[in-house]
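Asks: Take a look at data.txt, compact mmCIF, C-alpha atoms:
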# COMPACT_ATOMS: atom_id res chain seq x y z
CA MET A 1 2.23 27.72 -8.93
CA THR A 2 3.36 24.53 -10.70
CA ALA A 3 4.06 21.44 -8.58
CA THR A 4 6.60 19.23 -10.30
CA PRO A 5 8.15 15.87 -9.43
CA SER A 6 11.55 15.56 -7.83
CA PRO A 7 14.49 15.73 -10.24
CA ALA A 8 15.34 12.25 -9.00
CA ASP A 9 12.19 10.98 -10.72
CA PRO A 10 12.80 11.53 -14.43
CA ARG A 11 9.90 9.35 -15.59
CA ALA A 12 7.43 11.41 -13.60
CA GLU A 13 8.92 14.61 -15.00
CA GLN A 14 8.66 13.23 -18.53
CA ALA A 15 5.04 12.20 -17.88
CA ARG A 16 4.21 15.71 -16.66
CA ALA A 17 5.83 17.37 -19.66
CA TRP A 18 4.13 14.96 -22.09
CA ALA A 19 0.67 15.51 -20.58
CA CYS A 20 1.05 19.29 -20.44
CA SER A 21 2.07 19.28 -24.09
CA ALA A 22 -0.86 17.08 -25.08
CA LEU A 23 -3.26 19.48 -23.34
CA ALA A 24 -1.42 22.67 -24.35
CA LEU A 25 -1.20 23.57 -20.66
CA GLY A 26 1.33 26.09 -19.42
CA GLN A 27 0.69 26.30 -15.69
CA ALA A 28 -0.43 23.05 -14.06
CA GLU A 29 -0.12 21.23 -10.77
CA PHE A 30 1.16 17.66 -10.94
CA ALA A 31 1.04 15.35 -7.92
CA PRO A 32 0.68 11.64 -7.13
CA ALA A 33 -2.92 10.47 -7.32
CA SER A 34 -2.53 6.83 -6.28
CA ALA A 35 -0.13 3.92 -6.27
CA ASP A 36 -0.70 0.48 -7.72
CA ALA A 37 0.30 -3.04 -6.73
CA SER A 38 2.02 -3.30 -10.11
CA PHE A 39 4.63 -0.99 -11.62
CA ARG A 40 1.94 1.46 -12.74
CA ARG A 41 1.67 4.89 -11.11
CA TYR A 42 -1.00 7.56 -11.40
CA PHE A 43 -0.63 11.33 -11.19
CA ARG A 44 -3.26 14.07 -11.07
CA LEU A 45 -2.67 17.02 -13.38
CA THR A 46 -4.64 20.15 -12.53
CA GLY A 47 -4.90 23.36 -14.51
CA GLY A 48 -7.43 25.77 -15.93
CA GLY A 49 -10.08 24.64 -13.47
CA ARG A 50 -9.91 21.01 -14.65
CA SER A 51 -8.06 17.87 -13.67
CA TRP A 52 -6.80 14.80 -15.51
CA ILE A 53 -5.06 11.55 -14.59
CA VAL A 54 -1.70 10.58 -16.08
CA MET A 55 -0.85 6.88 -16.02
CA ASP A 56 2.85 6.01 -15.98
CA ALA A 57 3.36 2.37 -16.97
CA PRO A 58 7.05 1.65 -17.70
CA PRO A 59 6.97 -0.37 -20.94
CA GLN A 60 9.66 -2.81 -19.77
CA HIS A 61 7.22 -3.90 -17.02
CA GLU A 62 3.72 -2.97 -18.24
CA ASP A 63 1.77 -2.82 -21.48
CA CYS A 64 -0.80 -0.03 -21.85
CA ARG A 65 -2.53 -1.61 -24.83
CA PRO A 66 -4.85 -3.91 -22.83
CA PHE A 67 -6.00 -0.92 -20.75
CA VAL A 68 -6.88 1.05 -23.90
CA ARG A 69 -8.63 -1.89 -25.55
CA ILE A 70 -10.60 -3.00 -22.48
CA ALA A 71 -11.60 0.59 -21.66
CA ALA A 72 -13.25 0.69 -25.08
CA LEU A 73 -15.07 -2.60 -24.42
CA LEU A 74 -16.37 -1.37 -21.07
CA ARG A 75 -17.49 1.93 -22.54
CA GLU A 76 -19.32 0.11 -25.36
CA ALA A 77 -21.09 -1.96 -22.67
CA GLY A 78 -22.34 1.22 -20.98
CA VAL A 79 -19.92 1.10 -18.05
CA HIS A 80 -18.34 4.36 -16.85
CA VAL A 81 -14.56 4.16 -17.26
CA PRO A 82 -11.86 6.79 -17.84
CA ALA A 83 -11.70 8.10 -21.39
CA VAL A 84 -8.27 7.76 -22.96
CA LEU A 85 -7.55 11.31 -24.14
CA ALA A 86 -3.98 10.80 -25.33
CA GLN A 87 -1.51 7.92 -25.42
CA ASP A 88 2.17 7.26 -25.94
CA LEU A 89 2.41 3.48 -25.89
CA GLU A 90 6.12 3.47 -26.66
CA GLN A 91 6.88 5.53 -23.55
CA GLY A 92 4.11 3.98 -21.46
CA TYR A 93 2.01 7.09 -20.80
CA LEU A 94 -1.75 7.52 -20.93
CA LEU A 95 -3.76 10.71 -20.34
CA LEU A 96 -7.17 9.94 -18.84
CA ASP A 97 -10.11 11.95 -17.67
CA ASP A 98 -10.42 12.18 -13.88
CA LEU A 99 -13.23 10.19 -12.28
CA GLY A 100 -12.77 11.81 -8.88
CA THR A 101 -10.93 11.30 -5.62
CA GLN A 102 -13.19 8.98 -3.62
CA THR A 103 -13.40 5.24 -4.07
CA PHE A 104 -16.36 3.26 -2.79
CA LEU A 105 -14.01 1.91 -0.13
CA ASP A 106 -13.17 5.47 0.98
CA VAL A 107 -16.88 6.19 1.34
CA ILE A 108 -17.55 2.97 3.26
CA ARG A 109 -14.67 3.60 5.66
CA GLY A 110 -16.00 7.07 6.41
CA LEU A 111 -19.52 5.95 7.37
CA GLN A 112 -20.71 5.82 10.95
CA PRO A 113 -22.61 2.60 11.79
CA GLY A 114 -26.38 2.90 11.59
CA PRO A 115 -29.39 2.73 9.28
CA GLU A 116 -28.23 5.64 7.13
CA ALA A 117 -24.87 3.95 6.56
CA GLU A 118 -26.55 0.69 5.62
CA ALA A 119 -28.79 2.49 3.13
CA ARG A 120 -25.75 4.23 1.61
CA ILE A 121 -23.92 0.92 1.29
CA ASP A 122 -27.00 -0.64 -0.31
CA GLY A 123 -26.98 2.13 -2.90
CA LEU A 124 -23.29 1.75 -3.68
CA PHE A 125 -23.62 -1.99 -4.16
CA GLU A 126 -26.76 -1.65 -6.28
CA ALA A 127 -24.81 0.65 -8.62
CA ALA A 128 -21.86 -1.77 -8.67
CA ILE A 129 -24.14 -4.71 -9.49
CA GLU A 130 -25.85 -2.77 -12.29
CA ALA A 131 -22.48 -1.94 -13.89
CA LEU A 132 -21.29 -5.53 -13.51
CA VAL A 133 -24.40 -6.90 -15.22
CA LEU A 134 -23.93 -4.45 -18.12
CA TRP A 135 -20.33 -5.62 -18.50
CA GLN A 136 -21.27 -9.29 -18.43
CA LYS A 137 -24.16 -8.85 -20.87
CA ALA A 138 -21.69 -7.50 -23.44
CA SER A 139 -19.60 -10.70 -23.26
CA ARG A 140 -18.46 -12.40 -26.44
CA PRO A 141 -16.10 -15.37 -26.71
CA GLY A 142 -12.76 -14.84 -28.42
CA VAL A 143 -12.45 -11.14 -27.52
CA LEU A 144 -10.59 -11.30 -24.19
CA PRO A 145 -7.92 -13.82 -23.14
CA PRO A 146 -9.51 -16.96 -21.65
CA TYR A 147 -9.35 -17.61 -17.93
CA ASP A 148 -8.11 -21.05 -18.85
CA GLU A 149 -6.56 -23.91 -16.93
CA ALA A 150 -3.03 -22.57 -17.40
CA LEU A 151 -3.89 -19.19 -15.88
CA LEU A 152 -5.96 -20.63 -13.05
CA ARG A 153 -3.12 -23.02 -12.22
CA ARG A 154 -0.48 -20.29 -12.37
CA GLU A 155 -2.50 -18.21 -9.93
CA LEU A 156 -3.15 -21.06 -7.50
CA ASN A 157 0.52 -22.03 -7.44
CA LEU A 158 1.36 -18.60 -6.00
CA PHE A 159 -0.07 -19.81 -2.69
CA PRO A 160 2.32 -22.72 -1.99
CA GLU A 161 5.29 -20.96 -3.57
CA TRP A 162 5.06 -17.46 -2.14
CA TYR A 163 2.73 -17.61 0.87
CA LEU A 164 3.52 -21.02 2.32
CA GLY A 165 7.09 -21.45 1.13
CA ARG A 166 8.75 -18.07 0.94
CA HIS A 167 6.67 -16.14 3.48
CA LEU A 168 5.96 -18.74 6.16
CA GLY A 169 8.86 -21.08 5.42
CA ILE A 170 6.56 -24.11 5.19
CA GLU A 171 7.64 -27.09 3.11
CA LEU A 172 4.62 -29.36 2.95
CA PRO A 173 5.08 -33.09 3.51
CA ALA A 174 4.45 -35.10 0.36
CA ALA A 175 1.00 -36.27 1.50
CA ASP A 176 -0.17 -32.73 2.25
CA ALA A 177 1.27 -31.41 -1.01
CA ALA A 178 -0.68 -34.11 -2.85
CA ALA A 179 -3.86 -33.22 -0.95
CA LEU A 180 -3.43 -29.54 -1.85
CA GLU A 181 -2.87 -30.50 -5.49
CA GLY A 182 -6.13 -32.47 -5.38
CA VAL A 183 -8.01 -29.41 -4.12
CA PHE A 184 -6.43 -27.28 -6.84
CA ARG A 185 -7.55 -29.74 -9.53
CA GLN A 186 -11.13 -29.54 -8.31
CA LEU A 187 -11.11 -25.74 -8.07
CA VAL A 188 -9.84 -25.45 -11.63
CA ALA A 189 -12.42 -27.91 -12.94
CA ALA A 190 -15.22 -26.05 -11.15
CA ALA A 191 -14.07 -22.69 -12.56
CA LEU A 192 -13.95 -24.02 -16.11
CA ALA A 193 -17.42 -25.57 -15.72
CA GLN A 194 -19.06 -22.23 -14.87
CA PRO A 195 -20.82 -20.13 -17.54
CA GLN A 196 -18.15 -17.90 -19.09
CA VAL A 197 -18.42 -14.10 -19.32
CA TYR A 198 -16.20 -11.02 -19.26
CA VAL A 199 -14.33 -10.91 -15.92
CA HIS A 200 -12.86 -7.68 -14.56
CA ARG A 201 -10.70 -9.74 -12.14
CA ASP A 202 -10.47 -7.13 -9.37
CA TYR A 203 -14.03 -5.86 -9.08
CA MET A 204 -14.18 -4.48 -5.54
CA PRO A 205 -14.91 -1.17 -3.77
CA ARG A 206 -11.25 -0.13 -3.90
CA ASN A 207 -11.47 -0.02 -7.73
CA LEU A 208 -14.89 1.66 -7.99
CA MET A 209 -15.00 5.46 -7.95
CA LEU A 210 -17.78 7.65 -6.63
CA SER A 211 -18.66 9.49 -9.83
CA ASP A 212 -21.44 10.50 -12.18
CA PRO A 213 -22.63 8.10 -13.50
CA ASN A 214 -21.86 5.75 -10.65
CA PRO A 215 -19.57 3.85 -10.37
CA GLY A 216 -16.47 4.81 -12.26
CA VAL A 217 -14.59 1.56 -12.84
CA LEU A 218 -10.79 1.32 -12.66
CA ASP A 219 -8.00 -1.29 -12.78
CA PHE A 220 -9.57 -3.39 -15.52
CA GLN A 221 -6.51 -4.00 -17.69
CA ASP A 222 -6.22 -7.67 -16.67
CA ALA A 223 -9.77 -8.56 -17.73
CA VAL A 224 -10.38 -12.04 -19.15
CA TYR A 225 -13.19 -14.31 -20.32
CA GLY A 226 -14.00 -16.65 -17.47
CA PRO A 227 -16.23 -17.77 -14.57
CA LEU A 228 -19.49 -15.87 -14.18
CA ALA A 229 -19.38 -15.78 -10.36
CA TYR A 230 -15.84 -14.37 -10.12
CA ASP A 231 -16.55 -10.62 -10.11
CA ALA A 232 -19.65 -10.91 -7.94
CA VAL A 233 -17.81 -12.75 -5.19
CA SER A 234 -14.86 -10.35 -5.50
CA LEU A 235 -17.27 -7.49 -4.80
CA PHE A 236 -18.64 -8.94 -1.58
CA ARG A 237 -15.72 -11.03 -0.32
CA ASP A 238 -13.39 -8.08 -0.55
CA ALA A 239 -9.62 -8.29 -0.34
CA PHE A 240 -9.49 -5.10 1.76
CA TRP A 241 -12.71 -5.08 3.80
CA SER A 242 -14.59 -7.75 5.74
CA TRP A 243 -18.36 -7.87 5.53
CA PRO A 244 -20.68 -9.83 7.85
CA ALA A 245 -22.07 -13.02 6.36
CA ALA A 246 -25.53 -11.45 6.09
CA ARG A 247 -24.19 -8.64 3.87
CA VAL A 248 -22.32 -11.12 1.65
CA ASP A 249 -25.47 -13.22 1.29
CA TRP A 250 -27.57 -10.12 0.53
CA GLY A 251 -25.12 -8.97 -2.11
CA LEU A 252 -24.77 -12.29 -3.88
CA ARG A 253 -28.54 -12.78 -3.89
CA ARG A 254 -29.05 -9.27 -5.29
CA TYR A 255 -26.54 -9.95 -8.04
CA HIS A 256 -28.08 -13.36 -8.77
CA ALA A 257 -31.56 -11.85 -9.16
CA ARG A 258 -30.38 -8.95 -11.34
CA ALA A 259 -28.26 -11.21 -13.53
CA ALA A 260 -31.10 -13.67 -14.04
CA ALA A 261 -33.50 -10.85 -14.92
CA ALA A 262 -30.97 -9.56 -17.48
CA GLY A 263 -30.83 -12.96 -19.17
CA LEU A 264 -27.34 -13.91 -18.04
CA PRO A 265 -26.72 -17.69 -17.74
CA VAL A 266 -26.78 -17.84 -13.95
CA PRO A 267 -27.61 -21.27 -12.53
CA ALA A 268 -30.16 -21.81 -9.76
CA TRP A 269 -29.24 -20.19 -6.44
CA ASP A 270 -27.75 -23.26 -4.74
CA ALA A 271 -25.47 -23.96 -7.70
CA PHE A 272 -24.52 -20.29 -7.96
CA LYS A 273 -23.68 -20.17 -4.25
CA ARG A 274 -21.38 -23.16 -4.67
CA ASP A 275 -19.77 -21.56 -7.73
CA SER A 276 -19.24 -18.36 -5.74
CA ASP A 277 -17.68 -20.17 -2.80
CA TRP A 278 -15.32 -22.19 -4.95
CA ILE A 279 -14.13 -19.41 -7.25
CA GLY A 280 -13.85 -17.12 -4.22
CA LEU A 281 -11.57 -19.69 -2.63
CA GLN A 282 -9.44 -19.78 -5.77
CA ARG A 283 -9.18 -15.99 -5.67
CA HIS A 284 -8.18 -15.83 -2.02
CA LEU A 285 -5.49 -18.47 -2.43
CA LYS A 286 -4.13 -16.49 -5.37
CA VAL A 287 -4.24 -13.12 -3.61
CA ALA A 288 -2.52 -14.47 -0.49
CA GLY A 289 0.33 -15.56 -2.76
CA ILE A 290 0.38 -12.24 -4.61
CA PHE A 291 0.48 -10.22 -1.40
CA ALA A 292 3.38 -12.31 -0.11
CA ARG A 293 5.19 -11.75 -3.41
CA LEU A 294 4.54 -8.00 -3.24
CA THR A 295 6.21 -7.96 0.17
CA LEU A 296 9.15 -10.22 -0.48
CA ARG A 297 9.97 -9.44 -4.10
CA ASP A 298 8.63 -5.93 -4.66
CA GLY A 299 9.17 -4.28 -1.27
CA LYS A 300 5.48 -3.46 -0.67
CA PRO A 301 4.80 -4.91 2.79
CA LYS A 302 1.50 -3.11 3.46
CA TYR A 303 -0.47 -5.69 1.47
CA LEU A 304 0.51 -8.64 3.64
CA ALA A 305 -1.40 -7.21 6.58
CA ASP A 306 -4.64 -8.19 4.83
CA THR A 307 -3.82 -11.89 4.44
CA PRO A 308 -5.39 -12.99 7.76
CA ARG A 309 -8.71 -12.02 6.17
CA PHE A 310 -8.06 -14.46 3.32
CA LEU A 311 -7.29 -17.25 5.76
CA ARG A 312 -10.60 -16.64 7.49
CA TYR A 313 -12.39 -16.76 4.15
CA MET A 314 -10.69 -20.08 3.36
CA LEU A 315 -11.60 -21.51 6.75
CA GLU A 316 -15.23 -20.48 6.30
CA VAL A 317 -15.60 -22.06 2.87
CA ALA A 318 -13.37 -25.14 2.75
CA PRO A 319 -14.94 -27.09 5.65
CA ALA A 320 -18.40 -26.64 4.10
CA TYR A 321 -17.52 -28.93 1.17
CA ALA A 322 -16.19 -32.45 1.63
CA GLU A 323 -14.03 -32.12 -1.50
CA LEU A 324 -12.25 -29.08 -0.04
CA ALA A 325 -11.81 -30.38 3.52
CA PRO A 326 -8.13 -31.29 2.94
CA LEU A 327 -7.38 -27.59 2.46
CA ALA A 328 -9.01 -26.72 5.79
CA GLU A 329 -7.01 -29.44 7.52
CA LEU A 330 -3.77 -28.22 5.95
CA LEU A 331 -4.44 -24.65 7.08
CA GLN A 332 -5.25 -25.75 10.61
CA ARG A 333 -2.16 -27.92 10.91
CA HIS A 334 0.50 -25.89 9.12
CA VAL A 335 -0.60 -22.26 8.68
CA LEU A 336 -2.62 -21.13 11.68
CA PRO A 337 0.17 -21.82 14.19
CA ARG A 338 2.30 -19.31 12.25
CA ALA A 339 -0.30 -16.89 10.84
CA PRO A 340 -3.65 -16.72 12.68
CA ALA A 341 -6.75 -15.84 10.70
CA ALA A 342 -8.59 -12.57 11.22
CA PRO A 343 -11.65 -12.66 13.49
CA ALA A 344 -15.08 -12.74 11.87
CA ALA A 345 -16.58 -9.36 10.89
Could you quickly redo this structure as structure tokens?
Replies:
Amino acid sequence: MTATPSPADPRAEQARAWACSALALGQAEFAPASADASFRRYFRLTGGGRSWIVMDAPPQHEDCRPFVRIAALLREAGVHVPAVLAQDLEQGYLLLDDLGTQTFLDVIRGLQPGPEAEARIDGLFEAAIEALVLWQKASRPGVLPPYDEALLRRELNLFPEWYLGRHLGIELPAADAAALEGVFRQLVAAALAQPQVYVHRDYMPRNLMLSDPNPGVLDFQDAVYGPLAYDAVSLFRDAFWSWPAARVDWGLRRYHARAAAAGLPVPAWDAFKRDSDWIGLQRHLKVAGIFARLTLRDGKPKYLADTPRFLRYMLEVAPAYAELAPLAELLQRHVLPRAPAAPAA
């Protein structure tokens, strides 16, 4: 029996017909595989004992070309990513091989606490670190867009505009706005001072698939050339899962040791820890703004439920550095009365 999209969804129907034609499939099931925070959608096509993924990326909103190009870079680096089997860039369709149905986050959520679970998590993170080091070792300047001051600034500004202003209705007094601007300047300078490598930009268990070889890496189309610590801290200071401080420390130390052994330009541990804290703070400010925008502009309110975690991250990191203390004070005075932080893991 063939499962087809609703007639009210012509793009999905076109995607199904295009993929079936590309594969010369007659009978095939076609159903949603996953949603995305962007305008991209993914469908699973099943027929003849096999399955494939169809990406639908409306060209007026998305561009498939970076996905195709960066998939090739990752594959050349030895990282397991979906193979692009067919493409229609004008229509915004890609046909990909299927890396499976379980993300690392799915696996983690299904584990019962105990030594066996900890060993399984260790194994997942070891595989993720190995893939990350392969990706970073392949880095070359001038290949990917730079994670430059303009992009870092644009991301940071999402926090006061969308999270503080539009979501919480906070208009900062001039002195506090100036203090926040001072923190932003220092975060940008610190990011630009780090060793520069290929950056996935969303390297976390939700985008890593349980597959063979492990992991299968997804959602890499926004990759850039930027701060070395960015992907490592994204992996352990997750946007969708809170880890105890001991697990975060274990993970960052494991990455640091593996990266150093591979010849990557990691600084000494204390400097790397500072780099991780600061670029992690930049990421969490950005993501809080993005999740507010997804709710208010794009009608996707489920993401905003995770923002208390980001506030807790900010409140853990900012007070530890005198230069960042104004951010902690601003959060305590203006944000926490309206949006409490999540409890510690």
Asks: I'd like the contact shell of Pro267 of chain A - 9 Å cut-off, all atoms listed in the file, skipping same-chain residues fewer than 2 positions apart - returned as a ChimeraX atom specification.
Replies: /A:194-195,256,260,265,269-272
Asks: What is the atom CA of Asp148 of chain A to atom CA of Gly92 of chain A distance in Å?
Replies: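 Going from atom CA of Asp148 of chain A over to atom CA of Gly92 of chain A covers 28.0 Å.
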Asks: For segment 155-220 of chain A against segment 26-35 of chain A, with a cut-off of 12 Å and counting only C-alpha atoms, what is the closest atom pair and its distance in Å to one decimal for every residue that makes the cut, ordered by chain and number, as CSV?
Replies:
residue,atom,partner,partner_atom,distance
A:Arg206,CA,A:Ser34,CA,11.4
A:Asn207,CA,A:Ser34,CA,11.4
A:Leu218,CA,A:Ser34,CA,11.8
A:Asp219,CA,A:Ala35,CA,11.5
Asks: Report the distance between atom CA of Gln112 of chain A and atom CA of Leu304 of chain A in Å, rounded to one decimal place.
Replies: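 One can read the atom CA of Gln112 of chain A to atom CA of Leu304 of chain A distance as 26.7 Å.
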Asks: Compile a residue-level contact table for segment 269-312 of chain A against segment 170-192 of chain A at a cut-off of 8 Å, reporting for every qualifying residue the shortest atom pair and its distance in Å to one decimal, with only C-alpha atoms counted, rows ordered by chain and ascending number, as JSON lines.
Replies:
{"residue": "A:Asp275", "atom": "CA", "partner": "A:Ala190", "partner_atom": "CA", "distance": 7.2}
{"residue": "A:Trp278", "atom": "CA", "partner": "A:Leu187", "partner_atom": "CA", "distance": 6.3}
{"residue": "A:Ile279", "atom": "CA", "partner": "A:Ala191", "partner_atom": "CA", "distance": 6.2}
{"residue": "A:Gln282", "atom": "CA", "partner": "A:Leu187", "partner_atom": "CA", "distance": 6.6}
Asks: Let me make sure I understand: among A:Leu134, A:Leu74, A:Leu311, A:Leu95, which one has the smallest atom-to-atom distance to Leu331 of chain A if we use only C-alpha atoms?
Replies: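 Result for the nearest residue to Leu331 of chain A: A:Leu311.
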Asks: Just to confirm, what's the straight-line distance from atom CA of Ala320 of chain A to atom CA of Pro244 of chain A in Å (one decimal)?
Replies: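 Distance reported for this atom pair: 17.4 Å.
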Asks: Which one is closest to Ala83 of chain A: A:Leu99, A:Val107, A:Ala229, A:Ala193? Count all atoms listed in the file.
Replies: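 Smallest distance to Ala83 of chain A is found for A:Leu99.
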Asks: Show me, as an NGL selection string, the residues that have an atom within 12 Å of Leu151 of chain A when counting all atoms listed in the file, minus same-chain residues fewer than 4 positions from it.
Replies: :A and (145-147 or 155-158 or 188 or 191-192 or 222 or 224-226 or 282-283 or 286)
Asks: What's around Leu85 of chain A at 9 Å? Count all atoms listed in the file, leave out sequence neighbours fewer than 2 positions away in its own chain, and write the answer as a PyMOL selection string.
Replies: chain A and resi 22+82-83+87+94-97
